[in-house]
Amino acid sequence: MVPRLEISGLQKRFGDTVALADCNLTVEPGQLVGFIGPNGAGKSTTMRSIMRLISIDGGEITWDGHRLADDDRRRFGYMPQERGLYGKMKLQEQVAYFGRLAGLDSADAEQRASDLLDTVGLSSRVGDMVQDLSVGNQQRVQLAVALVHRPELLVLDEPFAGLDPIAVDVLREVIVERSAAGVGVLFSSHQLDLVQELCRDVVVINDGNTIASGRVDDLRASSGDRLLEVTWNESSAATDTWRPAGQDTSIEHDPADADDSVVTLGRTFRVDAGSDPAELMRSAGSVGTVATFRFEPPSLDDVFAEIVRANGADR
Amino acid sequence: MIREVARREITTRGRSKAYRFTTLGLIALMVIAIVAAAVSRSDGDDVTTTIDVGVVGPPDAVSLDSDGLGGIDFVVTPLAADDLDQAVSAGDVDVAVDLTTDQATLVWDSAADPSVEALLLAALVGDQLDQRAAELGIDDDALDTLLAPPDVGQRFLDPESDSDSARTGVAIFGVLLLFFTIQVYGAQIALVVIEEKANRIVEILLALVRPRTLLTGKVIGVGVLAALQVLIVLAGLVGALAVSGFSDVPVSAYLSLPLMFVTFVLGFGLYGVLFAMVGSLVSRQEDAQQALLPVYLPIFAGYIIALQAAASPDSLLATIGAIVPFTSPFVLPVLVATGSVSVIFVIVSILLLVASTIGLLLLAGRVYEFTLLRSGSRIKLLDALRLNVD
């Protein structure tokens with residue numbers, strides 16, 4: 001059984017600056033947790049605290065039911081926000097070196113290194129120096145370094161930042177595969193579409209405080225708004241001017257806007273969460289034949305902005 | 001884990017062109033030194049200078065015998081009086097003796113060679129004394145008795161000998177070796193630390209190993225590479241001493257070599273930790289030189305005190321220098337090479353050195369922990385220490 005990580009009431013200050021005031025989160029075995037928050041919210045500080053790179057001023061981090069100790073870190077895989085590798089070291093050697101540092105024996109480290117480099121698609125370059133790789137490929141090596149010692153928890157600080165689409169796919173596959181194997185994953189990202197797609201759970205942090213956490217779906221559903229997107233089989237003057245009746249709606253997207261680069265035929269409205277979808281559909285059907293109709297909570301992106309704004313207004 | 005960190009330093013650094021070239025260069029230099037020592041020895045056994053002496057007058061009138069003094073061989077060439085000046089100025093002969101005048105004259109080209117002059121004068125005086133004694137009716141026995149040198153003995157309180165110069169030579173050589181090696185390789189440790197900090201890899205390293213482990217591994221790894229080169233040089237020195245012409249290299253000179261290696265290892269440990277700690281205070285290589293300046297000061301102090309100690313090993317400064325940890329790696333081997341300290345003194349000095357290295361390592365571990373994840377402007381050491389205590 002893979003243990004869980006639990007953080008409660010975490011506090012950290014740097015001089016007069018409060019980096020973490022009250023940070024709480026839990027990562028269960030096999031759980032993929034998205035860790036989101038504006039720049040400077042305290043995501044990296046929290047992750048560095050988990051890796052014991054910085055001391056904490058208050059609160060507690062527990063692993064497997066006990067207070068986190070130095071040796072526990074060897075069971076974690078870490079990708080810091082600012083990546084770093086030895087430029088003048090060969091790929092295979094480098095990954096195996098970190099494996100040995102994490103406690104693997106030499107043969108195991110070599111085997112794991114070559115397996116992982118194969119997984120991330122760099123098997124043909126194991127003998128190359130890291131400095132001769134493209135930035136995207138260096139990120140793949142970085143991922144292999146984080147995984148080489150079969151960690152039971154992955155702590156990934158902005159793992160998708162700066163990756164090309166193919167590398168994003170590789171990383172996504174690896175994360176999902178590890179998670180399915182029972183490894184807890186905590187990753188921070190500003191690419192909320194990716195977080196929404198990958199994670200069932202998120203933790204939102206702002207100014208050093210956990211301001212929301214839970215299932216992505218619940219968080220989205222908790223929004224007071226819904227997005228309504230309608231397309232008709234044929235557009236007409238009536239469909240072009242149709243608006244949901246009886247409420248103060250805003251038009252999110254209208255294909256008639258010439259400078260709108262989004263390629264979709266639908267017209268999208270932001271409506272109250274309490275609206276009756278059946279009623280809206282009937283109204284849209286009265287101006288033309290409805291081809292598609294979507295009524296859904298706003299994206300994580302929108303909800304995130306809402307939550308952070310509300311949190312800022314509260315204080 | 002210390003072993004893994006050290007092993008990486010040894011394999012990556014040891015494989016670098018710079019290290020391979022300098023190591024091969026040192027081996028070549030040492031072979032040359034040993035060969036040169038062997039050659040100079042065989043030269044020294046039969047080195048003689050031949051002096052051509054022109055004699056105007058009866059050639060057997062002057063009995064030239066160098067008596068092996070200074071390895072000078074006289075070759076006497078009879079000269080005609082007319083050719084005398086020409087032969088001297090052309091360099092056919094080194095000096096000419098003109099016996100045709102009432103007073104014997106030595107004819108030189110421009111300057112007299114004092115040792116040749118002394119030998120020639122002695123020979124001429126001897127000949128003239130014999131003549132005068134015969135004129136005065138003094139027989140040979142009486143003359144010998146008269147001329148017998150006074151019986152004066154000599155006693156040297158601090159005799160100069162080959163063994164002294166061997167001792168001092170070994171000591172100074174050792175000091176120079178330590179001085180350069182600690183500086184060059186110490187600076188390398190600092191640069192590695194700065195590099196790891198600059199390229200951010202330190203964050204991944206510290207997520208796996210403790211700062212002290214990382215630091216110790218680095219000092220050991222770079223130290224092993226440095227030690228290998230020091231051993232090559234020391235082996236060359238032993239080889240050169242063994243085949244050199246020194247009549248008796250004292251035991252203490254040889255004894256000082258292993259000790260020199262021990263103080264190198266300990267001194268390198270102490271300074272390596274110091275270099276790493278100070279290196280961790282800066283984030284860019286450009287800032288390194290300025291930040292490292294305070295580390296070079298005790299190294300220079302140790303070097304200067306050590307040279308002074310080679311000249312006067314019994315001075316108070318030498319004694320203090322040999323016991324204070326930051327200068328003792330340089331000064332202690334000098335005092336041992338010159339045979340001027342007791343075994344107890346050596347043990348105490350080494351224990352102090354070990355204790356301060358351990359103390360500094362503990363301190364450096366904390367500084368390292370605080371500074372390694374901070375980039376940007378240089379961190380003051382005092383800040384690093386103070387904030388860490390908070």
# chains A, B, ... in the order shown; residues from 1 in each chain; ligands from 1
call {"tool": "interface_residues", "arguments": {"of": "chain B", "to": "chain A", "cutoff": "9 Å", "atoms": "only C-alpha atoms", "output": "PyMOL selection string"}}
result
chain B and resi 1-2+4-5+8+12+196+198-210+369-370+373+387
call {"tool": "select_by_dssp", "arguments": {"residues": "range 23-158 of chain A", "states": "alpha helix (DSSP H)", "output": "PyMOL selection string"}}
result
chain A and resi 43-50+91-101+106-119+135-147
call {"tool": "residues_around", "arguments": {"residues": "Leu270 in chain B", "least_positions_apart": "4", "cutoff": "10 Å", "atoms": "only C-alpha atoms", "output": "list in words"}}
result
Ile182, Gly186, Val219, Phe264, Val265, Leu266, Leu274, Phe275, Pro325, Phe326, Pro329, Leu353, Val354, Ala355, Ser356, Thr357, Ile358, Gly359, Leu360 and Leu361 of chain B
call {"tool": "write_last_selection", "arguments": {"atoms": "C-alpha atoms", "output": "PDB file, in the first residue's frame"}}
result
ATOM      1  CA  ILE B 182      45.298  23.732  -2.609  1.00  0.00           C
ATOM      2  CA  GLY B 186      40.237  24.492  -3.948  1.00  0.00           C
ATOM      3  CA  VAL B 219      35.714  17.828  -1.472  1.00  0.00           C
ATOM      4  CA  PHE B 264      48.044  17.882   2.244  1.00  0.00           C
ATOM      5  CA  VAL B 265      45.009  15.626   2.675  1.00  0.00           C
ATOM      6  CA  LEU B 266      43.922  17.339   5.878  1.00  0.00           C
ATOM      7  CA  LEU B 274      36.041  26.603   3.061  1.00  0.00           C
ATOM      8  CA  PHE B 275      36.156  27.060  -0.718  1.00  0.00           C
ATOM      9  CA  PRO B 325      45.065  24.918  11.729  1.00  0.00           C
ATOM     10  CA  PHE B 326      44.907  27.231   8.722  1.00  0.00           C
ATOM     11  CA  PRO B 329      49.306  22.273   6.618  1.00  0.00           C
ATOM     12  CA  LEU B 353      43.652  20.365  12.054  1.00  0.00           C
ATOM     13  CA  VAL B 354      41.228  17.433  12.005  1.00  0.00           C
ATOM     14  CA  ALA B 355      39.025  19.029  14.678  1.00  0.00           C
ATOM     15  CA  SER B 356      38.785  22.328  12.812  1.00  0.00           C
ATOM     16  CA  THR B 357      38.008  20.541   9.545  1.00  0.00           C
ATOM     17  CA  ILE B 358      35.104  18.721  11.199  1.00  0.00           C
ATOM     18  CA  GLY B 359      33.913  21.937  12.858  1.00  0.00           C
ATOM     19  CA  LEU B 360      34.077  23.832   9.589  1.00  0.00           C
ATOM     20  CA  LEU B 361      32.236  21.017   7.814  1.00  0.00           C
TER      21      LEU B 361
END
call {"tool": "atom_distance", "arguments": {"atom1": "CA of Arg67 in chain A", "atom2": "CA of Asn39 in chain A"}}
result
28.6 Å
call {"tool": "residues_around", "arguments": {"residues": "range 103-119 of chain B", "least_positions_apart": "6", "cutoff": "6 Å", "atoms": "only C-alpha atoms", "output": "short mmCIF file (atom, residue, chain, number, x, y, z; two decimals) with C-alpha atoms, in the first residue's frame"}}
result
data_model
loop_
_atom_site.label_atom_id
_atom_site.label_comp_id
_atom_site.auth_asym_id
_atom_site.auth_seq_id
_atom_site.Cartn_x
_atom_site.Cartn_y
_atom_site.Cartn_z
CA VAL B 88 96.64 35.53 -23.91
CA SER B 89 94.44 38.00 -25.74
CA VAL B 95 96.84 32.85 -18.26
CA ALA B 96 100.55 33.19 -18.89
CA VAL B 97 103.46 33.22 -16.46
#
call {"tool": "select_by_dssp", "arguments": {"residues": "range 93-175 of chain B", "states": "strand (DSSP E)", "output": "ChimeraX atom specification"}}
result
/B:95-98,105-107
call {"tool": "residues_around", "arguments": {"residues": "range 227-243 of chain A", "least_positions_apart": "6", "cutoff": "6 Å", "atoms": "only C-alpha atoms", "output": "list in words"}}
result
Gly266, Arg267, Thr268, Phe269, Arg270, Val287, Thr289, Val290, Ala291, Thr292, Phe293, Arg294, Phe295, Glu296, Pro297 and Pro298 of chain A
call {"tool": "closest_residue", "arguments": {"among": "A:Leu20, A:Leu68, A:Leu116, A:Ala109", "to": "Val174 in chain A", "atoms": "only C-alpha atoms"}}
result
A:Leu116
call {"tool": "residues_around", "arguments": {"residues": "Asp217 in chain A", "least_positions_apart": "2", "cutoff": "9 Å", "atoms": "only C-alpha atoms", "output": "list in words"}}
result
Gln196, Arg200, Asp201, Gly214, Arg215, Leu219, Arg220, Ala221, Ser222, Pro297 and Leu300 of chain A
call {"tool": "write_last_selection", "arguments": {"atoms": "N, CA and C atoms", "output": "mmCIF file, in the first residue's frame"}}
result
data_model
loop_
_atom_site.group_PDB
_atom_site.id
_atom_site.type_symbol
_atom_site.label_atom_id
_atom_site.label_comp_id
_atom_site.auth_asym_id
_atom_site.auth_seq_id
_atom_site.Cartn_x
_atom_site.Cartn_y
_atom_site.Cartn_z
ATOM 1 N N GLN A 196 -7.551 20.454 -15.788
ATOM 2 C CA GLN A 196 -8.941 20.025 -15.844
ATOM 3 C C GLN A 196 -9.065 18.662 -16.519
ATOM 4 N N ARG A 200 -8.696 14.758 -11.237
ATOM 5 C CA ARG A 200 -10.024 14.729 -10.686
ATOM 6 C C ARG A 200 -10.079 15.757 -9.548
ATOM 7 N N ASP A 201 -8.905 15.985 -8.931
ATOM 8 C CA ASP A 201 -8.880 16.885 -7.772
ATOM 9 C C ASP A 201 -7.923 18.056 -7.973
ATOM 10 N N GLY A 214 -10.719 20.173 -3.713
ATOM 11 C CA GLY A 214 -11.760 19.179 -3.923
ATOM 12 C C GLY A 214 -11.778 18.726 -5.366
ATOM 13 N N ARG A 215 -12.887 18.082 -5.764
ATOM 14 C CA ARG A 215 -12.994 17.581 -7.128
ATOM 15 C C ARG A 215 -13.141 18.736 -8.109
ATOM 16 N N LEU A 219 -15.953 21.820 -8.022
ATOM 17 C CA LEU A 219 -15.507 23.211 -8.014
ATOM 18 C C LEU A 219 -16.177 23.978 -9.156
ATOM 19 N N ARG A 220 -16.204 23.330 -10.311
ATOM 20 C CA ARG A 220 -16.825 23.982 -11.465
ATOM 21 C C ARG A 220 -18.326 24.146 -11.220
ATOM 22 N N ALA A 221 -18.932 23.106 -10.646
ATOM 23 C CA ALA A 221 -20.383 23.142 -10.422
ATOM 24 C C ALA A 221 -20.768 24.201 -9.395
ATOM 25 N N SER A 222 -19.809 24.524 -8.516
ATOM 26 C CA SER A 222 -20.114 25.488 -7.461
ATOM 27 C C SER A 222 -20.219 26.913 -7.999
ATOM 28 N N PRO A 297 -21.000 23.836 -16.682
ATOM 29 C CA PRO A 297 -20.322 24.765 -15.771
ATOM 30 C C PRO A 297 -19.149 25.409 -16.493
ATOM 31 N N LEU A 300 -12.410 25.274 -15.648
ATOM 32 C CA LEU A 300 -11.601 25.459 -14.440
ATOM 33 C C LEU A 300 -10.931 26.834 -14.479
#
call {"tool": "residues_around", "arguments": {"residues": "Ser179 in chain A", "least_positions_apart": "5", "cutoff": "10 Å", "atoms": "only C-alpha atoms", "output": "PDB file with C-alpha atoms, in the first residue's frame"}}
result
ATOM      1  CA  PRO A  29      -2.112   6.979  -3.337  1.00  0.00           C
ATOM      2  CA  GLY A  30      -2.877   7.049  -7.055  1.00  0.00           C
ATOM      3  CA  GLN A  31      -4.478  10.473  -6.788  1.00  0.00           C
ATOM      4  CA  LEU A  32      -3.598  13.119  -9.355  1.00  0.00           C
ATOM      5  CA  GLU A 152       5.804   6.606  -4.451  1.00  0.00           C
ATOM      6  CA  LEU A 153       4.907  10.276  -4.762  1.00  0.00           C
ATOM      7  CA  LEU A 154       5.617  12.678  -7.601  1.00  0.00           C
ATOM      8  CA  GLU A 173       0.998   9.615 -20.541  1.00  0.00           C
ATOM      9  CA  VAL A 174       3.708   8.990 -17.995  1.00  0.00           C
ATOM     10  CA  GLY A 184       0.271   9.964  -5.835  1.00  0.00           C
ATOM     11  CA  VAL A 185       0.993  12.965  -8.043  1.00  0.00           C
TER      12      VAL A 185
END
call {"tool": "closest_residue", "arguments": {"among": "A:Arg140, A:Leu192, A:Ala284, A:Glu158", "to": "Thr119 in chain A", "atoms": "only C-alpha atoms"}}
result
A:Arg140
call {"tool": "closest_residue", "arguments": {"among": "B:Thr371, B:Ser256, B:Gln183, B:Thr327", "to": "Leu293 in chain B", "atoms": "only C-alpha atoms"}}
result
B:Gln183
call {"tool": "atom_distance", "arguments": {"atom1": "CA of Asp140 in chain B", "atom2": "CA of Leu121 in chain B"}}
result
20.3 Å
call {"tool": "atom_distance", "arguments": {"atom1": "CA of Gly58 in chain A", "atom2": "CA of Thr45 in chain A"}}
result
13.2 Å
call {"tool": "decode", "arguments": {"residues": "range 18-64 of chain A", "atoms": "N, CA and C atoms", "output": "PDB file, in the first residue's frame"}}
result
ATOM      1  N   VAL A  18       5.520  36.807   4.115  1.00  0.00           N
ATOM      2  CA  VAL A  18       4.834  35.555   4.444  1.00  0.00           C
ATOM      3  C   VAL A  18       4.624  34.794   3.140  1.00  0.00           C
ATOM      4  N   ALA A  19       5.278  33.654   3.001  1.00  0.00           N
ATOM      5  CA  ALA A  19       5.136  32.869   1.771  1.00  0.00           C
ATOM      6  C   ALA A  19       3.985  31.889   1.915  1.00  0.00           C
ATOM      7  N   LEU A  20       3.874  31.285   3.090  1.00  0.00           N
ATOM      8  CA  LEU A  20       2.772  30.358   3.345  1.00  0.00           C
ATOM      9  C   LEU A  20       2.132  30.736   4.673  1.00  0.00           C
ATOM     10  N   ALA A  21       0.817  30.914   4.674  1.00  0.00           N
ATOM     11  CA  ALA A  21       0.134  31.293   5.908  1.00  0.00           C
ATOM     12  C   ALA A  21      -0.649  30.107   6.469  1.00  0.00           C
ATOM     13  N   ASP A  22      -1.374  29.429   5.584  1.00  0.00           N
ATOM     14  CA  ASP A  22      -2.167  28.295   6.035  1.00  0.00           C
ATOM     15  C   ASP A  22      -2.442  27.402   4.830  1.00  0.00           C
ATOM     16  N   CYS A  23      -1.479  26.562   4.552  1.00  0.00           N
ATOM     17  CA  CYS A  23      -1.614  25.722   3.363  1.00  0.00           C
ATOM     18  C   CYS A  23      -1.980  24.304   3.791  1.00  0.00           C
ATOM     19  N   ASN A  24      -3.018  23.781   3.164  1.00  0.00           N
ATOM     20  CA  ASN A  24      -3.484  22.426   3.489  1.00  0.00           C
ATOM     21  C   ASN A  24      -3.724  21.645   2.211  1.00  0.00           C
ATOM     22  N   LEU A  25      -3.237  20.424   2.184  1.00  0.00           N
ATOM     23  CA  LEU A  25      -3.580  19.561   1.052  1.00  0.00           C
ATOM     24  C   LEU A  25      -3.277  18.111   1.378  1.00  0.00           C
ATOM     25  N   THR A  26      -3.876  17.240   0.630  1.00  0.00           N
ATOM     26  CA  THR A  26      -3.665  15.806   0.826  1.00  0.00           C
ATOM     27  C   THR A  26      -3.487  15.162  -0.546  1.00  0.00           C
ATOM     28  N   VAL A  27      -2.542  14.252  -0.635  1.00  0.00           N
ATOM     29  CA  VAL A  27      -2.401  13.473  -1.863  1.00  0.00           C
ATOM     30  C   VAL A  27      -2.504  11.999  -1.485  1.00  0.00           C
ATOM     31  N   GLU A  28      -3.564  11.374  -1.980  1.00  0.00           N
ATOM     32  CA  GLU A  28      -3.780   9.959  -1.682  1.00  0.00           C
ATOM     33  C   GLU A  28      -3.006   9.117  -2.702  1.00  0.00           C
ATOM     34  N   PRO A  29      -2.776   7.852  -2.370  1.00  0.00           N
ATOM     35  CA  PRO A  29      -2.112   6.979  -3.337  1.00  0.00           C
ATOM     36  C   PRO A  29      -2.901   6.939  -4.646  1.00  0.00           C
ATOM     37  N   GLY A  30      -2.222   7.107  -5.752  1.00  0.00           N
ATOM     38  CA  GLY A  30      -2.877   7.049  -7.055  1.00  0.00           C
ATOM     39  C   GLY A  30      -3.665   8.292  -7.418  1.00  0.00           C
ATOM     40  N   GLN A  31      -3.699   9.267  -6.516  1.00  0.00           N
ATOM     41  CA  GLN A  31      -4.478  10.473  -6.788  1.00  0.00           C
ATOM     42  C   GLN A  31      -3.633  11.496  -7.564  1.00  0.00           C
ATOM     43  N   LEU A  32      -4.268  12.093  -8.559  1.00  0.00           N
ATOM     44  CA  LEU A  32      -3.598  13.119  -9.355  1.00  0.00           C
ATOM     45  C   LEU A  32      -4.147  14.468  -8.906  1.00  0.00           C
ATOM     46  N   VAL A  33      -3.346  15.236  -8.204  1.00  0.00           N
ATOM     47  CA  VAL A  33      -3.840  16.495  -7.660  1.00  0.00           C
ATOM     48  C   VAL A  33      -3.208  17.669  -8.391  1.00  0.00           C
ATOM     49  N   GLY A  34      -4.043  18.525  -8.965  1.00  0.00           N
ATOM     50  CA  GLY A  34      -3.549  19.742  -9.594  1.00  0.00           C
ATOM     51  C   GLY A  34      -3.410  20.815  -8.535  1.00  0.00           C
ATOM     52  N   PHE A  35      -2.293  21.494  -8.542  1.00  0.00           N
ATOM     53  CA  PHE A  35      -2.012  22.497  -7.522  1.00  0.00           C
ATOM     54  C   PHE A  35      -1.953  23.832  -8.246  1.00  0.00           C
ATOM     55  N   ILE A  36      -2.984  24.646  -8.088  1.00  0.00           N
ATOM     56  CA  ILE A  36      -3.031  25.855  -8.898  1.00  0.00           C
ATOM     57  C   ILE A  36      -3.124  27.106  -8.028  1.00  0.00           C
ATOM     58  N   GLY A  37      -2.660  28.191  -8.598  1.00  0.00           N
ATOM     59  CA  GLY A  37      -2.665  29.465  -7.888  1.00  0.00           C
ATOM     60  C   GLY A  37      -1.905  30.482  -8.705  1.00  0.00           C
ATOM     61  N   PRO A  38      -2.168  31.781  -8.451  1.00  0.00           N
ATOM     62  CA  PRO A  38      -1.460  32.814  -9.212  1.00  0.00           C
ATOM     63  C   PRO A  38       0.044  32.774  -8.909  1.00  0.00           C
ATOM     64  N   ASN A  39       0.822  33.509  -9.702  1.00  0.00           N
ATOM     65  CA  ASN A  39       2.260  33.596  -9.427  1.00  0.00           C
ATOM     66  C   ASN A  39       2.480  34.136  -8.012  1.00  0.00           C
ATOM     67  N   GLY A  40       3.431  33.528  -7.304  1.00  0.00           N
ATOM     68  CA  GLY A  40       3.759  34.009  -5.961  1.00  0.00           C
ATOM     69  C   GLY A  40       2.767  33.562  -4.897  1.00  0.00           C
ATOM     70  N   ALA A  41       1.874  32.638  -5.252  1.00  0.00           N
ATOM     71  CA  ALA A  41       0.857  32.202  -4.289  1.00  0.00           C
ATOM     72  C   ALA A  41       1.436  31.292  -3.217  1.00  0.00           C
ATOM     73  N   GLY A  42       2.567  30.630  -3.546  1.00  0.00           N
ATOM     74  CA  GLY A  42       3.189  29.733  -2.572  1.00  0.00           C
ATOM     75  C   GLY A  42       3.272  28.291  -3.037  1.00  0.00           C
ATOM     76  N   LYS A  43       3.043  28.050  -4.322  1.00  0.00           N
ATOM     77  CA  LYS A  43       3.071  26.665  -4.830  1.00  0.00           C
ATOM     78  C   LYS A  43       4.478  26.066  -4.709  1.00  0.00           C
ATOM     79  N   SER A  44       5.470  26.801  -5.238  1.00  0.00           N
ATOM     80  CA  SER A  44       6.840  26.271  -5.209  1.00  0.00           C
ATOM     81  C   SER A  44       7.347  26.137  -3.781  1.00  0.00           C
ATOM     82  N   THR A  45       6.982  27.093  -2.919  1.00  0.00           N
ATOM     83  CA  THR A  45       7.419  27.020  -1.522  1.00  0.00           C
ATOM     84  C   THR A  45       6.853  25.768  -0.861  1.00  0.00           C
ATOM     85  N   THR A  46       5.584  25.467  -1.150  1.00  0.00           N
ATOM     86  CA  THR A  46       4.974  24.259  -0.590  1.00  0.00           C
ATOM     87  C   THR A  46       5.719  23.015  -1.078  1.00  0.00           C
ATOM     88  N   MET A  47       6.005  22.999  -2.383  1.00  0.00           N
ATOM     89  CA  MET A  47       6.678  21.819  -2.939  1.00  0.00           C
ATOM     90  C   MET A  47       8.094  21.669  -2.396  1.00  0.00           C
ATOM     91  N   ARG A  48       8.770  22.802  -2.235  1.00  0.00           N
ATOM     92  CA  ARG A  48      10.113  22.737  -1.646  1.00  0.00           C
ATOM     93  C   ARG A  48      10.056  22.282  -0.196  1.00  0.00           C
ATOM     94  N   SER A  49       8.972  22.622   0.489  1.00  0.00           N
ATOM     95  CA  SER A  49       8.819  22.158   1.871  1.00  0.00           C
ATOM     96  C   SER A  49       8.636  20.642   1.897  1.00  0.00           C
ATOM     97  N   ILE A  50       7.863  20.130   0.940  1.00  0.00           N
ATOM     98  CA  ILE A  50       7.662  18.678   0.883  1.00  0.00           C
ATOM     99  C   ILE A  50       9.001  17.984   0.649  1.00  0.00           C
ATOM    100  N   MET A  51       9.834  18.595  -0.206  1.00  0.00           N
ATOM    101  CA  MET A  51      11.137  17.990  -0.497  1.00  0.00           C
ATOM    102  C   MET A  51      12.165  18.341   0.579  1.00  0.00           C
ATOM    103  N   ARG A  52      11.739  19.016   1.592  1.00  0.00           N
ATOM    104  CA  ARG A  52      12.605  19.422   2.724  1.00  0.00           C
ATOM    105  C   ARG A  52      13.803  20.247   2.268  1.00  0.00           C
ATOM    106  N   LEU A  53      13.585  21.016   1.220  1.00  0.00           N
ATOM    107  CA  LEU A  53      14.647  21.903   0.750  1.00  0.00           C
ATOM    108  C   LEU A  53      14.658  23.168   1.580  1.00  0.00           C
ATOM    109  N   ILE A  54      13.526  23.474   2.187  1.00  0.00           N
ATOM    110  CA  ILE A  54      13.465  24.611   3.105  1.00  0.00           C
ATOM    111  C   ILE A  54      12.791  24.146   4.384  1.00  0.00           C
ATOM    112  N   SER A  55      13.155  24.788   5.461  1.00  0.00           N
ATOM    113  CA  SER A  55      12.542  24.420   6.736  1.00  0.00           C
ATOM    114  C   SER A  55      11.190  25.129   6.840  1.00  0.00           C
ATOM    115  N   ILE A  56      10.264  24.546   7.590  1.00  0.00           N
ATOM    116  CA  ILE A  56       8.957  25.190   7.719  1.00  0.00           C
ATOM    117  C   ILE A  56       8.855  25.863   9.085  1.00  0.00           C
ATOM    118  N   ASP A  57       8.039  26.923   9.134  1.00  0.00           N
ATOM    119  CA  ASP A  57       7.910  27.677  10.386  1.00  0.00           C
ATOM    120  C   ASP A  57       6.725  27.218  11.230  1.00  0.00           C
ATOM    121  N   GLY A  58       5.781  26.543  10.597  1.00  0.00           N
ATOM    122  CA  GLY A  58       4.624  26.084  11.360  1.00  0.00           C
ATOM    123  C   GLY A  58       3.851  25.068  10.544  1.00  0.00           C
ATOM    124  N   GLY A  59       2.932  24.376  11.212  1.00  0.00           N
ATOM    125  CA  GLY A  59       2.154  23.374  10.510  1.00  0.00           C
ATOM    126  C   GLY A  59       2.891  22.055  10.447  1.00  0.00           C
ATOM    127  N   GLU A  60       2.359  21.135   9.689  1.00  0.00           N
ATOM    128  CA  GLU A  60       2.949  19.802   9.689  1.00  0.00           C
ATOM    129  C   GLU A  60       2.805  19.134   8.324  1.00  0.00           C
ATOM    130  N   ILE A  61       3.828  18.390   7.965  1.00  0.00           N
ATOM    131  CA  ILE A  61       3.744  17.559   6.771  1.00  0.00           C
ATOM    132  C   ILE A  61       3.910  16.119   7.239  1.00  0.00           C
ATOM    133  N   THR A  62       2.953  15.272   6.908  1.00  0.00           N
ATOM    134  CA  THR A  62       3.110  13.868   7.306  1.00  0.00           C
ATOM    135  C   THR A  62       3.083  12.969   6.081  1.00  0.00           C
ATOM    136  N   TRP A  63       3.794  11.891   6.197  1.00  0.00           N
ATOM    137  CA  TRP A  63       3.891  10.888   5.138  1.00  0.00           C
ATOM    138  C   TRP A  63       3.743   9.535   5.793  1.00  0.00           C
ATOM    139  N   ASP A  64       2.826   8.749   5.298  1.00  0.00           N
ATOM    140  CA  ASP A  64       2.647   7.421   5.854  1.00  0.00           C
ATOM    141  C   ASP A  64       2.303   7.517   7.346  1.00  0.00           C
TER     142      ASP A  64
END
